Each structure stands twice: as C-alpha cells, then as structure tokens.
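Colleague: File my_file-v5.cif follows (mmCIF, C-alpha atoms):
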data_upload
loop_
_atom_site.label_atom_id
_atom_site.label_comp_id
_atom_site.auth_asym_id
_atom_site.auth_seq_id
_atom_site.Cartn_x
_atom_site.Cartn_y
_atom_site.Cartn_z
CA MET B 1 115.88 111.95 135.88
CA SER B 2 118.25 114.67 137.10
CA ASN B 3 121.80 114.27 138.34
CA GLU B 4 121.41 110.50 138.20
CA ASN B 5 120.57 108.00 135.50
CA GLY B 6 120.74 104.42 136.70
CA THR B 7 123.83 104.39 138.88
CA ALA B 8 125.55 107.04 136.75
CA TYR B 9 125.90 110.54 138.19
CA ALA B 10 126.53 113.86 136.43
CA LEU B 11 128.24 116.43 138.65
CA THR B 12 128.33 119.98 137.30
CA THR B 13 129.89 122.84 139.28
CA TYR B 14 130.43 126.53 138.63
CA ALA B 15 132.92 128.44 140.78
CA ARG B 16 133.83 132.12 140.57
CA VAL B 17 137.53 132.61 139.89
CA GLU B 18 139.40 135.09 142.06
CA THR B 19 140.10 138.28 140.16
CA GLY B 20 143.57 138.21 138.63
CA HIS B 21 143.90 134.42 138.83
CA GLU B 22 142.45 133.64 135.39
CA ASP B 23 145.68 133.36 133.43
CA ALA B 24 147.41 131.21 136.04
CA LEU B 25 144.42 128.89 136.21
CA ASP B 26 144.21 128.60 132.45
CA ALA B 27 147.90 127.84 132.21
CA TYR B 28 147.69 125.25 134.97
CA LEU B 29 144.79 123.40 133.36
CA ALA B 30 146.38 123.47 129.92
CA ALA B 31 149.55 121.90 131.33
CA LEU B 32 147.82 119.03 133.17
CA PRO B 33 148.62 115.56 131.84
CA THR B 34 145.86 113.81 129.94
CA GLY B 35 144.96 110.16 129.43
CA ALA B 36 146.49 107.78 131.97
CA GLY B 37 148.37 110.70 133.54
CA SER B 38 145.23 112.71 134.21
CA PRO B 39 144.37 113.31 137.87
CA PHE B 40 140.98 111.73 137.20
CA ALA B 41 142.61 108.48 136.07
CA ARG B 42 143.28 107.80 139.76
CA LEU B 43 139.55 107.43 140.39
CA ASP B 44 138.18 104.07 139.27
CA GLY B 45 134.60 105.22 139.11
CA VAL B 46 135.09 108.23 136.83
CA HIS B 47 134.11 107.86 133.18
CA LEU B 48 134.55 111.47 132.11
CA ALA B 49 135.75 114.77 133.47
CA ARG B 50 136.21 118.25 132.12
CA VAL B 51 137.69 121.28 133.89
CA GLN B 52 137.63 124.58 132.06
CA VAL B 53 137.51 128.33 132.53
CA PHE B 54 135.21 130.70 130.78
CA ARG B 55 135.64 134.44 130.85
CA ARG B 56 132.83 135.72 128.75
CA LEU B 57 129.49 134.67 127.39
CA VAL B 58 129.02 134.54 123.66
CA HIS B 59 126.80 137.33 122.43
CA GLN B 60 124.05 135.98 120.16
CA ARG B 61 123.63 138.99 117.99
CA PRO B 62 121.62 140.94 117.02
CA HIS B 63 118.60 140.33 119.25
CA GLN B 64 120.26 139.53 122.57
CA ARG B 65 120.90 142.15 125.21
CA PRO B 66 124.60 141.62 125.98
CA ASP B 67 125.53 139.78 129.17
CA ARG B 68 128.99 140.82 130.33
CA LEU B 69 130.71 138.78 133.02
CA ARG B 70 132.49 140.58 135.85
CA HIS B 71 134.48 137.48 136.71
CA ALA B 72 135.84 134.36 135.11
CA HIS B 73 134.18 131.10 136.18
CA LEU B 74 135.53 127.59 136.52
CA VAL B 75 133.34 124.75 135.28
CA VAL B 76 134.14 121.28 136.61
CA SER B 77 132.02 118.41 135.35
CA THR B 78 132.48 114.75 136.14
CA THR B 79 130.54 111.62 135.17
CA PHE B 80 130.89 108.60 137.40
CA ASN B 81 129.04 105.60 138.77
CA GLY B 82 128.19 105.65 142.43
CA GLY B 83 127.23 108.13 145.09
CA LEU B 84 128.24 111.77 145.25
CA ASP B 85 129.59 111.48 148.81
CA GLU B 86 131.99 108.71 147.80
CA HIS B 87 133.05 110.66 144.72
CA LEU B 88 133.82 113.77 146.77
CA ASP B 89 135.76 111.68 149.28
CA ALA B 90 137.77 110.16 146.44
CA LEU B 91 138.47 113.57 144.94
CA ALA B 92 139.64 114.90 148.29
CA GLU B 93 141.86 111.89 148.94
CA HIS B 94 143.35 111.18 145.52
CA VAL B 95 143.22 114.44 143.57
CA PRO B 96 145.35 117.10 145.24
CA GLU B 97 145.06 119.03 141.98
CA CYS B 98 141.66 120.15 143.30
CA ASP B 99 143.62 122.58 145.49
CA GLU B 100 145.12 124.09 142.36
CA TRP B 101 141.99 124.59 140.27
CA TRP B 102 139.51 125.37 143.03
CA GLY B 103 142.26 127.11 144.96
CA HIS B 104 141.98 129.91 142.39
CA CYS B 105 138.27 130.26 143.21
CA VAL B 106 136.52 132.19 145.95
CA ARG B 107 135.65 130.51 149.26
CA TYR B 108 137.49 127.25 148.53
CA PRO B 109 138.33 125.67 151.90
CA GLY B 110 140.92 123.11 150.78
CA ARG B 111 140.84 119.32 151.14
CA GLU B 112 142.09 118.89 154.69
CA ASP B 113 138.67 119.23 156.21
CA ARG B 114 136.74 116.64 154.18
CA ALA B 115 133.37 117.86 155.37
CA ALA B 116 134.19 121.44 154.40
CA PHE B 117 135.48 120.26 151.03
CA ALA B 118 132.30 118.29 150.33
CA ALA B 119 130.13 121.18 151.50
CA TYR B 120 131.98 123.55 149.19
CA VAL B 121 131.53 121.35 146.12
CA ARG B 122 127.88 120.83 146.94
CA SER B 123 127.46 124.60 147.32
CA ILE B 124 128.68 125.24 143.78
CA GLN B 125 126.89 122.25 142.24
CA ARG B 126 124.19 122.86 139.65
CA ARG B 127 121.33 120.42 139.36
CA THR B 128 121.30 118.56 136.07
CA SER B 129 118.07 119.05 134.17
CA LEU B 130 118.48 116.01 131.94
CA PHE B 131 121.20 113.36 131.89
CA TRP B 132 121.35 110.47 129.48
CA THR B 133 123.72 107.62 128.67
CA PRO B 134 123.32 104.31 126.82
CA PHE B 135 125.03 102.47 129.70
CA PRO B 136 123.59 103.92 132.90
CA THR B 137 124.62 101.09 135.19
CA ALA B 138 128.08 100.27 133.79
CA THR B 139 130.88 101.03 136.22
CA GLY B 140 134.40 101.76 135.09
CA ASP B 141 135.32 98.24 136.13
CA ASP B 142 132.42 96.83 134.09
CA VAL B 143 133.71 98.64 131.04
CA ARG B 144 137.30 97.49 131.51
CA THR B 145 136.43 93.85 132.19
CA SER B 146 133.89 93.72 129.36
CA ILE B 147 136.36 95.00 126.80
CA ALA B 148 138.99 92.54 128.02
CA LEU B 149 136.52 89.64 128.08
CA ARG B 150 135.31 90.32 124.56
CA ALA B 151 138.90 90.34 123.31
CA GLN B 152 139.52 87.05 125.13
CA VAL B 153 136.41 85.47 123.60
CA ILE B 154 137.44 86.57 120.11
CA GLU B 155 140.94 85.20 120.62
CA PHE B 156 139.63 81.91 121.98
CA ALA B 157 137.15 81.50 119.12
CA ALA B 158 139.86 82.10 116.53
CA ALA B 159 142.29 79.69 118.19
CA THR B 160 139.85 76.82 118.66
CA GLN B 161 137.75 76.85 115.50
CA HIS B 162 139.14 73.55 114.20
CA LEU B 163 139.12 71.57 117.44
CA ASP B 164 136.93 68.55 118.07
CA ALA B 165 134.21 68.72 120.73
CA ASP B 166 136.21 67.11 123.53
CA GLU B 167 139.24 69.35 123.13
CA LEU B 168 137.12 72.47 122.64
CA HIS B 169 135.17 71.74 125.81
CA ARG B 170 138.33 71.03 127.80
CA ARG B 171 140.06 74.21 126.63
CA PHE B 172 136.99 76.34 127.30
CA LEU B 173 136.68 75.15 130.87
CA HIS B 174 140.37 75.79 131.35
CA ALA B 175 140.31 79.26 129.78
CA PHE B 176 137.13 80.55 131.40
CA MET O 1 143.46 129.98 126.02
CA GLY O 2 140.63 128.51 127.99
CA THR O 3 138.06 131.12 127.31
CA ALA O 4 134.57 130.99 125.96
CA GLY O 5 133.93 133.24 123.04
CA ALA O 6 137.27 134.99 123.36
CA GLY O 7 137.45 136.59 119.93
CA PRO O 8 136.07 135.53 116.57
CA ARG O 9 135.98 131.85 115.67
CA PRO O 10 136.83 130.29 112.33
CA PRO O 11 134.03 128.62 110.39
CA ALA O 12 133.09 125.19 111.65
CA SER O 13 134.82 123.54 108.71
CA GLU O 14 138.16 125.04 109.83
CA TYR O 15 137.63 124.52 113.52
CA ALA O 16 140.61 122.69 114.96
CA ALA O 17 140.14 119.71 117.24
CA SER O 18 142.87 120.84 119.62
CA GLN O 19 140.88 122.94 122.06
CA GLY O 20 141.28 120.84 125.20
CA ASN O 21 138.19 118.82 124.38
CA VAL O 22 139.57 115.93 122.34
CA LEU O 23 141.06 112.74 123.73
CA GLY O 24 141.61 109.56 121.74
CA ARG O 25 138.40 108.93 119.81
CA MET O 26 136.37 111.14 122.12
CA THR O 27 135.22 114.70 121.80
CA ALA O 28 133.53 116.81 124.45
CA LEU O 29 131.24 119.58 123.33
CA THR O 30 130.20 122.13 125.95
CA LEU O 31 127.85 124.98 125.10
CA MET O 32 126.63 127.79 127.33
CA THR O 33 123.84 129.65 125.57
CA PRO O 34 121.18 132.13 126.71
CA VAL O 35 117.54 131.28 127.21
CA ARG O 36 114.82 133.89 126.99
CA ARG O 37 113.39 134.03 130.46
CA GLN O 38 109.81 133.62 129.29
CA TRP O 39 110.75 130.15 128.03
CA LEU O 40 112.48 128.92 131.16
CA TRP O 41 109.32 127.16 132.37
CA PHE O 42 109.02 125.42 129.02
CA LEU O 43 112.54 123.98 129.19
CA ARG O 44 112.14 122.96 132.83
CA LEU O 45 108.95 121.11 131.99
CA GLY O 46 110.40 119.69 128.80
CA PHE O 47 113.47 118.26 130.53
CA ARG O 48 111.31 116.78 133.24
CA LEU O 49 109.07 115.06 130.68
CA ALA O 50 111.88 114.14 128.27
CA PRO O 51 112.52 110.64 129.68
CA TYR O 52 108.91 109.79 128.89
CA SER O 53 108.69 111.58 125.54
CA PRO O 54 109.90 110.92 121.97
CA LEU O 55 113.04 112.95 122.77
CA ARG O 56 114.37 109.95 124.68
CA ASP O 57 114.16 107.75 121.58
CA HIS O 58 115.58 110.54 119.48
CA ILE O 59 118.69 110.65 121.67
CA ILE O 60 119.02 106.87 121.84
CA GLN O 61 119.19 106.53 118.07
CA PHE O 62 122.52 108.37 118.04
CA ASN O 63 124.79 105.54 119.08
CA PHE O 64 127.91 107.69 119.13
CA ILE O 65 126.95 109.57 122.31
CA LYS O 66 128.35 108.20 125.58
CA TYR O 67 127.06 110.76 128.05
CA VAL O 68 125.05 113.92 127.56
CA ARG O 69 123.67 116.46 130.03
CA TRP O 70 121.64 119.64 130.04
CA VAL O 71 121.85 122.03 133.00
CA LEU O 72 119.77 125.18 133.39
CA VAL O 73 121.99 127.84 134.97
CA ASP O 74 119.90 130.67 136.38
CA GLY O 75 122.53 133.05 137.69
CA LEU O 76 126.24 132.90 138.48
CA ASP O 77 128.14 133.92 141.59
CA GLY O 78 128.95 137.62 141.48
CA GLU O 79 127.10 138.27 138.21
CA ASP O 80 123.95 140.14 137.28
CA LEU O 81 122.87 138.26 134.18
CA LYS O 82 119.98 139.29 131.98
CA TYR O 83 119.33 135.72 130.85
CA PRO O 84 119.34 132.26 132.32
CA TYR O 85 121.71 129.95 130.44
CA LEU O 86 121.59 126.43 129.14
CA HIS O 87 124.75 124.43 129.82
CA PHE O 88 124.99 121.49 127.43
CA GLU O 89 127.74 118.88 127.55
CA SER O 90 127.96 115.95 125.19
CA ASN O 91 130.71 113.36 124.93
CA PHE O 92 130.85 111.35 121.74
CA ASP O 93 133.01 109.57 119.18
CA GLY O 94 134.85 111.73 116.70
CA PRO O 95 134.47 115.38 115.74
CA TRP O 96 131.03 116.87 116.16
CA GLU O 97 131.00 118.28 112.65
CA HIS O 98 130.34 114.75 111.37
CA TYR O 99 127.02 114.53 113.14
CA ILE O 100 125.49 117.95 112.78
CA ASP O 101 123.84 117.05 109.50
CA ALA O 102 122.03 114.22 111.28
CA PHE O 103 121.04 116.54 114.11
CA ALA O 104 119.93 119.28 111.76
CA TYR O 105 117.72 117.07 109.63
CA VAL O 106 116.69 114.13 111.83
CA ILE O 107 115.93 115.88 115.12
CA ALA O 108 115.47 119.43 113.90
CA THR O 109 112.29 119.86 115.93
CA ASP O 110 113.96 118.77 119.19
CA ILE O 111 116.84 121.15 118.57
CA ARG O 112 114.56 124.04 117.71
CA LEU O 113 112.39 123.40 120.76
CA THR O 114 115.46 123.36 123.03
CA TRP O 115 118.02 125.88 121.79
CA GLY O 116 115.42 127.87 119.89
CA ARG O 117 114.26 129.17 123.30
CA GLY O 118 117.28 131.48 123.13
CA PRO O 119 117.81 134.59 121.00
CA ASP O 120 119.18 134.39 117.47
CA PHE O 121 119.36 130.63 117.22
CA PRO O 122 119.82 129.49 113.59
CA HIS O 123 116.83 127.16 113.40
CA PRO O 124 117.93 124.11 111.34
CA PRO O 125 117.77 122.89 108.67
CA PRO O 126 120.03 123.70 106.87
CA ALA O 127 123.01 122.45 108.86
CA GLU O 128 125.70 124.99 107.99
CA PRO O 129 124.42 127.88 110.12
CA LEU O 130 124.00 125.44 113.01
CA LYS O 131 127.62 124.30 112.64
CA ASP O 132 128.82 127.88 112.75
CA TRP O 133 126.62 128.57 115.79
CA ILE O 134 128.05 125.55 117.63
CA ALA O 135 131.62 126.53 116.75
CA ALA O 136 130.99 130.04 118.04
CA ASN O 137 129.42 128.85 121.30
CA SER O 138 131.69 125.91 122.15
CA LEU O 139 133.53 126.33 125.45
CA ASP O 140 137.10 125.33 124.81
CA GLY O 141 140.30 124.91 126.75
CA GLY O 142 141.01 123.35 130.10
CA THR O 143 141.56 119.65 130.55
CA TYR O 144 139.51 116.68 129.44
CA TYR O 145 139.54 113.06 130.62
CA CYS O 146 137.76 109.94 129.43
CA ALA O 147 138.48 106.55 131.02
CA HIS O 148 137.72 104.74 127.76
CA ALA O 149 138.80 107.28 125.20
CA GLU O 150 140.10 104.68 122.75
CA HIS O 151 136.79 102.85 122.57
CA SER O 152 133.75 104.09 120.71
CA THR O 153 130.29 104.15 122.22
CA ARG O 154 129.33 101.21 120.05
CA ASP O 155 132.43 99.30 121.20
CA LEU O 156 131.37 99.74 124.81
CA GLN O 157 127.75 98.79 124.15
CA ASN O 158 128.86 95.67 122.28
CA ALA O 159 131.41 94.67 124.92
CA LEU O 160 128.88 95.03 127.73
CA ALA O 161 126.28 93.02 125.80
CA VAL O 162 128.79 90.26 124.96
CA ARG O 163 129.80 90.07 128.60
CA ASP O 164 126.21 89.55 129.72
CA ALA O 165 125.57 86.91 127.06
CA PHE O 166 128.87 85.18 127.78
CA LEU O 167 128.28 84.99 131.53
CA ASP O 168 124.94 83.27 130.84
CA PHE O 169 126.61 80.92 128.40
CA ARG O 170 129.45 80.08 130.76
CA ALA O 171 127.02 79.26 133.55
CA ARG O 172 125.34 76.73 131.27
CA ALA O 173 128.57 75.38 129.76
CA ALA O 174 129.75 73.54 132.84
CA SER O 175 126.76 71.21 132.78
CA LEU O 176 126.99 70.37 129.07
CA GLY O 177 128.70 67.38 127.54
CA PRO O 178 131.32 68.01 124.83
CA ASP O 179 129.00 67.61 121.85
CA GLU O 180 126.25 69.70 123.41
CA PHE O 181 128.84 72.28 124.38
CA LYS O 182 130.23 72.56 120.87
CA ALA O 183 126.76 73.13 119.42
CA ALA O 184 125.96 75.70 122.09
CA TRP O 185 129.30 77.46 121.57
CA GLN O 186 128.71 77.73 117.85
CA GLN O 187 125.23 79.08 118.52
CA PHE O 188 126.67 81.62 120.94
CA LEU O 189 129.18 82.81 118.35
CA THR O 190 126.44 83.07 115.75
CA ASP O 191 124.19 85.04 118.09
CA GLU O 192 126.95 87.42 119.14
CA GLN O 193 128.72 87.66 115.78
CA SER O 194 127.66 91.23 115.12
CA ARG O 195 128.98 92.35 118.51
CA LEU O 196 132.30 90.54 118.48
#
Have the structure of the file written as structure tokens, please.
Modeller:
Amino acid sequence: MSNENGTAYALTTYARVETGHEDALDAYLAALPTGAGSPFARLDGVHLARVQVFRRLVHQRPHQRPDRLRHAHLVVSTTFNGGLDEHLDALAEHVPECDEWWGHCVRYPGREDRAAFAAYVRSIQRRTSLFWTPFPTATGDDVRTSIALRAQVIEFAAATQHLDADELHRRFLHAF
Amino acid sequence: MGTAGAGPRPPASEYAASQGNVLGRMTALTLMTPVRRQWLWFLRLGFRLAPYSPLRDHIIQFNFIKYVRWVLVDGLDGEDLKYPYLHFESNFDGPWEHYIDAFAYVIATDIRLTWGRGPDFPHPPPAEPLKDWIAANSLDGGTYYCAHAEHSTRDLQNALAVRDAFLDFRARAASLGPDEFKAAWQQFLTDEQSRL
C-alpha cells in the first residue's frame, strides 16, 4: 500500500513558493469558491482536495532543535479514483486555477505543455507511506448513484407498503 | 492566514472550525510534525507492515474517517531541515475534538508508536494534552473540497452496500412471480433496514 489503495489514489505535492509571493497566494486560496463552485468540482473522479500554504514548522519545545524554513511551501493533496496520468490531464484541462497556485511556485511550467505540466507535478510529488479508506474502489459516480438509489429505494418502500403483490411487482418493474 | 504555526493557538476547546478545513459535515486535519531521524526506519517499516498488522483493524473501527494518509517528508526544496517530517492528513465527519478521546484511550499505543517518534509528543492518555498538541500542529488555511461533504462516512458506506444488495435483488426480481416477489422484497427491506 502506498499512493494507491484499491483504485483510490492519494496525491501529495510540496512546492516551494517564490519569495515574496506568499501573501498573494494565501489571499488567492482563501478567496476560492468552495463546494460546487470549487475548481475541483469540475473533476468527476476527485473525492477530496486541499491546497494550503505553510510558512513555518511548529517548534515542539523544549527538546526539539528548531527547524526554520527559508521559504513558504505549497501543499496540494488530492484523493481520486483512477490513474495519476488521467488525473493530471484532467487538472491541466479543467483547472486553470493550477496556474494561479502553482504559478506562485518555483519552476512551474504552466499547463500549455501537458507533458511538462505532468512532469512538474510528478517532480514535486511525495510518495504516500500509508493510505487508507473504507471505500477504496468507489468512484465519485458510484457514490453519487448509490446515494440517489438508496433515496429512491426508501421512497419506493414508503409509497408501496400497502400494495398487493401484483401491483407492487408491477410498480417495481416500472420504477427500477 | 494560511500559515502553519503562525503565532500561538488557542486551546483545543476554543479552536474555531473556520480555518479553511471545514466543508459541510467534513473536516480535514493536516499535521506536519518532526520525526527523530533515528526512528525513521521504524516508521518506514511500520507503514509498510501496517496493512497486515492490527493497526489496519484499529483504523477500520473508526467509521467516521473517509480517507487518511501518512507521508514521510525527508527534506523540502530549498531547506536544510534537521528532522524528517510526518505529513498526516485525515478527512472525517465533524470536528476532530469529538474523536480525540477515542484516539487517546482506544488506540493510544498506535498513536504513541507513530507520533511518539518525534520530540516532545504528549503521549496519551490523557486526551487533553493531545488535543492541545493537535491544535498547535494543525495546518490551516487554503481551500478544501469534498465531493460528498454533506454525507457522513457511514452514509456512504451504507449507500454503497445498499446499492450492491439492491442490484442483486433487482436481477432476481424479474424472474419472480408477484407473490414470490413480495416476499423477497420484504426480506430485502428487512435485511437492509439498518442501512436504509
């Protein structure tokens, strides 16, 4: 088990932020729409995503020798079902916001050259040591259709509880 | 401001859930904590063996976690770090403060074996120092997305299980007569009652 568990994939990237760009990047991320308006909502396969900046490491006093960062770093993590290549293609095609967040980071090549974009993300990727989920093979579509189907089953059961066998059978075959 | 450890944090009990890591019912918790280098081999080995060890069952019992990852980060671009770091990201239902008691008492050994490889970790139990440690180390800010933020982990597990059972039932239903169908339908509802 590493980046993958079943068909689920955990992508974790760390990118060094260009000096002086930290505040603009923070402000940009904080202003991004969430929920259905999130850039990641355009990608069917994505379950989760988080994009954040960190500027310093927490000092675990008193026995830690302090680690002081020279730069801010951007952490982008996504969880999706499918292959990494397809995910990077989808990011490049449907998420122009990548140019904004990674555009504040060193060596980012942009999205125009898909191969360069994919190579960049792979170059800043960190290998997951352990990745776990209770639904490792469920795609985003599986989740959506399962939730809708369960609601439909509940509604059908409530609406047909007093029907005789013939009518129940007929309505079931019609509904499903 | 999207910074990690930028200034003192309030106690866990006062920690606001408005740090760019809450969406609908979901919370993301990201920690970036140091590991003493002499224990790096232990964590690498432990994570490799975890899927085949009791840790797997210990994680599974917490049915509020959707996705969780551990990433060992040994160095960052442009930095000269004294320690490797453990990146931890968990995505779960509700605020994390609700679950720390369970973590601190039920899987205290797992937690101590993992995060206790770093300096000054407040080895649980009790839970309170662990809550304060998590609040102090949580990476906040930025943007957070979950495709099913309004549904709990249990909701998703139940919906997926009902779908599988229903597809089996539907495949059989077409060949049943009305009376057989009604009996089978009632049996299906009984079997799936707890998940509907």
Colleague: Quick one: 4 Å padding each side, axis-aligned, all listed atoms of range 25-36 of chain B - centre and edge lengths in Å to one decimal, as AutoDock Vina command-line options?
Modeller:
--center_x 146.9 --center_y 118.3 --center_z 132.8 --size_x 13.3 --size_y 29.1 --size_z 14.8
Colleague: At a cut-off of 6 Å, list the chain O residues touching chain B, using all atoms listed in the file, as a list in words.
Modeller: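 Matching residues, ligands excluded from the count: Gly2, Thr3, Ala4, Gly5, Phe47, Lys66, Tyr67, Val68, Arg69, Trp70, Val71, Leu81, Pro119, Asp120, Gly141, Gly142, Thr143, Tyr144, Tyr145, Cys146, Ala147, Ala159, Leu160, Arg163, Pro178, Asp179 and Lys182 of chain O.
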Colleague: Go through O:Asp110, O:Leu76, O:Glu180, O:Ala104 one by one, measure the shortest atom-to-atom distance of each to Ile134 in chain O using only C-alpha atoms, and give the residue with the smallest value.
Modeller: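 That would be O:Ala104, the residue with the smallest distance to Ile134 in chain O.
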Colleague: May I have the protein, DNA and RNA residues with an atom at most 9 Å from (131.5, 76.5, 131.0), counting all atoms listed in the file in the file's coordinates, returned as a list of chain:residue names?
Modeller: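 In the file's frame, the residues around the point are B:His169, B:Phe172, B:Leu173, B:His174, B:Phe176, O:Phe169, O:Arg170, O:Ala171, O:Arg172, O:Ala173, O:Ala174, O:Ser175, O:Leu176, O:Phe181.
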Colleague: Those residues with C-alpha atoms, as a compact mmCIF listing (two decimals), keeping the file's coordinate frame please?
Modeller:
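So the final result, stored in again.txt, reads:
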# COMPACT_ATOMS: atom_id res chain seq x y z
CA HIS B 169 135.17 71.74 125.81
CA PHE B 172 136.99 76.34 127.30
CA LEU B 173 136.68 75.15 130.87
CA HIS B 174 140.37 75.79 131.35
CA PHE B 176 137.13 80.55 131.40
CA PHE O 169 126.61 80.92 128.40
CA ARG O 170 129.45 80.08 130.76
CA ALA O 171 127.02 79.26 133.55
CA ARG O 172 125.34 76.73 131.27
CA ALA O 173 128.57 75.38 129.76
CA ALA O 174 129.75 73.54 132.84
CA SER O 175 126.76 71.21 132.78
CA LEU O 176 126.99 70.37 129.07
CA PHE O 181 128.84 72.28 124.38
Colleague: Can you tell me how far CA of Trp115 in chain O sits from CA of Asp80 in chain O, in Å to one decimal?
Modeller: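 Separation between CA of Trp115 in chain O and CA of Asp80 in chain O: 21.9 Å.
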Colleague: Would you pick out the contacts of range 110-122 of chain B at 6 Å or less, using all atoms listed in the file, so that residues sharing its chain but fewer than 5 positions from it are not included, and give the list as a PyMOL selection string?
Modeller: chain B and resi 88+92+99
Colleague: Check which residues satisfy the PyMOL selection byres ((chain O and resi 22-38) around 9) in the file shown, then give them as a ChimeraX atom specification.
Modeller: /B:34-35,50,57-60,64 /O:4,17-21,39-42,72-73,82-96,115-119,134,137-140,144-146,148-152
Colleague: Counting only C-alpha atoms, which of O:Thr109, O:Ala161, O:Leu130, O:Asp57 gets nearest to Gln193 in chain O?
Modeller: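 Using only C-alpha atoms, the shortest distance to Gln193 in chain O belongs to O:Ala161.
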Colleague: May I have the protein, DNA and RNA residues with any atom at most 9 Å from the point (118.3, 125.4, 110.8), counting only C-alpha atoms, written as number ranges by chain?
Modeller: O: 104-105, 108, 111-112, 121-130
Colleague: Quick check, in Å to one decimal: how far apart do CA of Cys105 in chain B and CA of Asp85 in chain B lie?
Modeller: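 Going from CA of Cys105 in chain B over to CA of Asp85 in chain B, I get 21.4 Å.
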Colleague: What is the CA of Arg42 in chain B to CA of Trp101 in chain B distance in Å?
Modeller: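 Spanning CA of Arg42 in chain B to CA of Trp101 in chain B is a straight-line distance of 16.8 Å.
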Colleague: With all atoms listed in the file as the basis for distance, which of B:Asn81, B:Thr160, B:Thr13, B:Asn5 is at the shortest distance from Asp77 in chain O?
Modeller: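 Checking each of B:Asn81, B:Thr160, B:Thr13, B:Asn5 against Asp77 in chain O, counting all atoms listed in the file, the winner is B:Thr13.
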